[in-house]
Amino acid sequence: MATDIARLSFDPSRRYTGVVPQQGRVTLEAEQGEERMIAARERRLELIDIIGPAGTPDDGYEVSSPGPAVLLVDPGTMYVGGNRVEVPAPVDILQQPDWLDGPGRGALFERPRGHVLLTVREREVTAVEDPALSEPALGGPDGAARARLVQHIEVRGVESANCAGALAEDIKSWATEGLTYDPATAELLSNTRLQVSWQTPAGGAGPCEPAATGGYLGAENQVIRVQITAVDAAAGSCELIWGYDNASMLYRVVVDGGLATVTLQRRPVDEHHWPRAGQAVQVLRSTARLRATDGVDEGFVAALGGHVGLLATSYDPGTKQVSFPAPIPNEYVDGRPTYLRVWEQRVTGVRPGTTFVLGDTGVQVTLTSTGGPLRVDDYWCIGVRPGTPTEVLPARLLRAPQPPDGPLVWACPLAVIDISRKAQQLTVREDCRRHYPPPVPPSGGGCCCTIEVHPEDAKSGKLQELIDAAIKDRQEQGRAGRITVCFAPGRYQMVAPLVLAKNHSGLRLKACSDGVVLSVFPGAEERFGQGMIVLTDATDVAIKGFAFLLPSVPRVDGRVRGTPGGVLDARMIRGINALAIANSSIGIRPVYCMNLEISDCLFEFPLEVADTFGVAIYPLGTCREFRILRNQFRYPRPDDLASWLEGFTLTDTAASMDSLTGKDTAGRARFIGDVVMNAAIDDSEFTENTFSGLASGVFIEGEVGLVRVQENTFRNCGFSIDIKDMPHSGPDLKVDFLDQDVDRRAVTAVRDTWTILTTERARSELRLIAVTYPLPVLPEPPVDRVSRLDAENLAALRAAAAERRRAWTEELVRKLAAEHPRRDGDGERIDVLGGLTSLPAEMQRAADGVGELFALSRLEESVSRPRVSVVGNDVESGLQLGGASALILFIDRRAELSAATVTGNRLSGSKQYPVAFVGGFQNATIVGNMCLTDKEKTAISVSDMERLAVSGNVFAGVVSLPARQNVAAPGTWEFLNDVKP
């Protein structure tokens, strides 16, 4: 509440550190008040320097929902803007002890998602509100007041599913309320301003009458308080009240049954302070409990704002009553104390920029705003003295518009929640709290840091600079020269991607707890088209323990042009551009990197992903010694499947010499087609990762060496594990099988498989987008696995590719005829063309052109030996796509000692495609798996093998396996497996 003060003398810009008493001098109340404010501000700034804008040292203020329509904040401590607050017991946000007059249950369920915030307000409490402050021995007069922090747990409606996005929405919303949020101090600053001037006296100067000057006309030393009580946004005006004595005259009152008369519980100090008819007053509710240590409520803090009215009758000293011309609102009688605050005058229809006079004081004020509307409950304390009538305290009120003296408000995020109005369910989506000190990692998992960085380094743009400086200063190379950058817990709102080049080799980026979140600063998204971390030609880099909130980046460089005379003609280019996407969302972009470890990270895609191509880890070129360990890749709607989002994607890339040398100009269409950057992966593993809600989990299409995929979990993904080495563009299915005595089911399985590999729409769209995605800026043009396709050499290249494809197709057909001989009762040969093409014509032409482009770029025999191990994975393919396979392993080149090991996996799915397909390897073992699908659908299809073992599996669905070669009867694999069609 307002206190009876003489002036406010504190001014932080003077940088005083304390008040120094002098002997024989008068002690002023204003000096004691200034001493308190200096100390409070210094304490807040010190705590911000140590802790930051917000932080909990004891895991306090965690938000949880133990039941329907219940949202609790757990006990503990929180520092907000340098203010320490605590709750001793769990707080139900609908029954907050510091917000007794807060919004009801209905307000909580107005929006499907909410951002839970802790707001802290500094309030002054007098003996009227807390009787314990009165000294009975004085016989009535009170002494000093107290300052108290009042906490509100608020839920603001938002659209974003993550903390960074929700806070960005709040900042925009606060701006519409006339507030500016300072992230460095967590303070909500008002944009409303007030300036004092003097009323010009009536009359004019003459020969016998000197010119009159304005000034304060009162006879008493005063503090005039001006406070905004209502804002009419439609009319562009506000209502305010003002009063003498800092409007400190506050009374507890009893409201009569008719709600129009109130009885003061104590008498005014003298007759001069009797409320009079026509005087402005406020009726205030109790807003916060003042509870003693034994649990008894001994007082209640009065609300800052309330019902404003003009008294109909003056104070009656006999009955101690005053009355209103109309009843006050019912909610002001709620069983808790009601208060009456006495002002002098109410002023309505005040417009920003308009000057108005405060009664007959001679003081006039002008309200303005630096942005947004005027803010309700803002107040200013204006000191005036009759001895110096043309001066005010503080003097700056006369010189320029000044911010309000209060209320002081701070805010910090606690959580993002999902709200189901129908089910009355509240679900915590993300914890937004910051911990201080950082949680101590378990033994052996600590950070041996070369340097430590903090969230403010990301927002200020210093993160790259600090890492570069640490790299520059290292004295050793190799393992001895490894640099570890430890990230302190908190949200890192990046203003630019981290770029790690060859000189960053040996770098470790390590989160010191699971509370390190990397996100993009709102408004900076366009800089992240290549990802949040971009690595080029870097070796021996580790990225561990981060939560990546992947941004939605508007695409500005999506259209392409074919290089003149190249493989891609105008129709193909139209097909590619028909897939021009609106947004991209990329996490880590390694380019020609080796020995890269990404572990214990979370990659979460944005909630709204319409027309968005997203890849969590999106390498380019050659990948050697990649270790992708214990990460989570997820789309936040677990029951949905996002059609263009992928966990790990590696494909050949169509480029041009201009793009390799950085000559492409931003804003124009990029040329592609005369250069192919061939993809390759070797000695790499994917272990104990979780993929959910994605179109693809692990998608590799390039030259494959040793790859291990083990102990991963895939939930509701489309093509979960898809690894192919395909230098050819596929067999000509129009002629390959028409004259062959091949098993009908085998032909169907081969047809469906090639549909997936070459023409299925979802895969083809993803492939076209991935292979034509723009290149990052490269320090120098790569030379490894870069193929030039000059126009003058195309004819020779096409002839060589056609002959190679013919020979491979002839061998494939021979092997399939041997593996899948026609059985009795198979009937007529089937048309293998049925249902193949699902792409629009131009897009299909584009897919064929890209396939030819890559076939031409890989005419030289590869020296790598594909060895793919898929062990112990749990895969449930998503059902939303037109087709979905849990496992695809395929090579279409004759590689000596190539091998596929598929062991101990649980693979399930349905729709029209095989749950699992393995083909093209020289050697393969398929042992101890479960492949489950709908009746009459294909559980597994295996073909084009030289040496194969299939045993100990459970197959639920149609099985297409080659005939057993060089074994005694029985000659089928079904004998060694449990097959239930």
# chains A, B, ... in the order shown; residues from 1 in each chain; ligands from 1

$ select_by_dssp --residues "range 513-701 of chain A" --states "alpha helix (DSSP H)" --output "JSON, numbers by chain"
{"A": [570, 571, 572, 573, 574, 575, 576, 577, 657, 658, 659, 660]}

$ residues_around --residues "range 683-690 of chain A" --least-positions-apart "4" --cutoff "7 Å" --atoms "only C-alpha atoms" --output "list in words"
Arg624, Glu625, Phe626, Arg627, Ile628, Leu629, Arg630, Asn631, Gln632, Phe633, Gly705, Leu706, Val707, Arg708, Val709, Gln710, Glu711, Asn712, Thr713 and Phe714 of chain A

$ select_by_dssp --residues "range 597-704 of chain A" --states "strand (DSSP E or B)" --output "ChimeraX atom specification"
/A:597-599,602-604,612-617,620-629,632-634,642-651,653-655,670-672,675-677,680-682,684-687,690-692,694-701,703-704

$ residues_around --residues "range 467-475 of chain A" --least-positions-apart "2" --cutoff "10 Å" --atoms "only C-alpha atoms" --output "number ranges by chain"
A: 450-453, 462-465, 477, 480-485, 498-500, 503-507, 509

$ closest_residue --among "A:Gly406, A:Pro112, A:Gly952, A:Pro57" --to "Gln424 in chain A" --atoms "only C-alpha atoms"
A:Pro112

$ residues_around --residues "Pro590 in chain A" --least-positions-apart "2" --cutoff "9 Å" --atoms "only C-alpha atoms" --output "ChimeraX atom specification"
/A:533-538,588,592-593,596,617-621,623

$ atom_distance --atom1 "CA of Arg193 in chain A" --atom2 "CA of Thr390 in chain A"
20.8 Å

$ closest_residue --among "A:Tyr181, A:Phe613, A:Tyr339, A:Phe109" --to "Val262 in chain A" --atoms "only C-alpha atoms"
A:Tyr339

$ closest_residue --among "A:Ala800, A:Val350, A:Ala680, A:Ala795" --to "Ser864 in chain A" --atoms "only C-alpha atoms"
A:Ala680
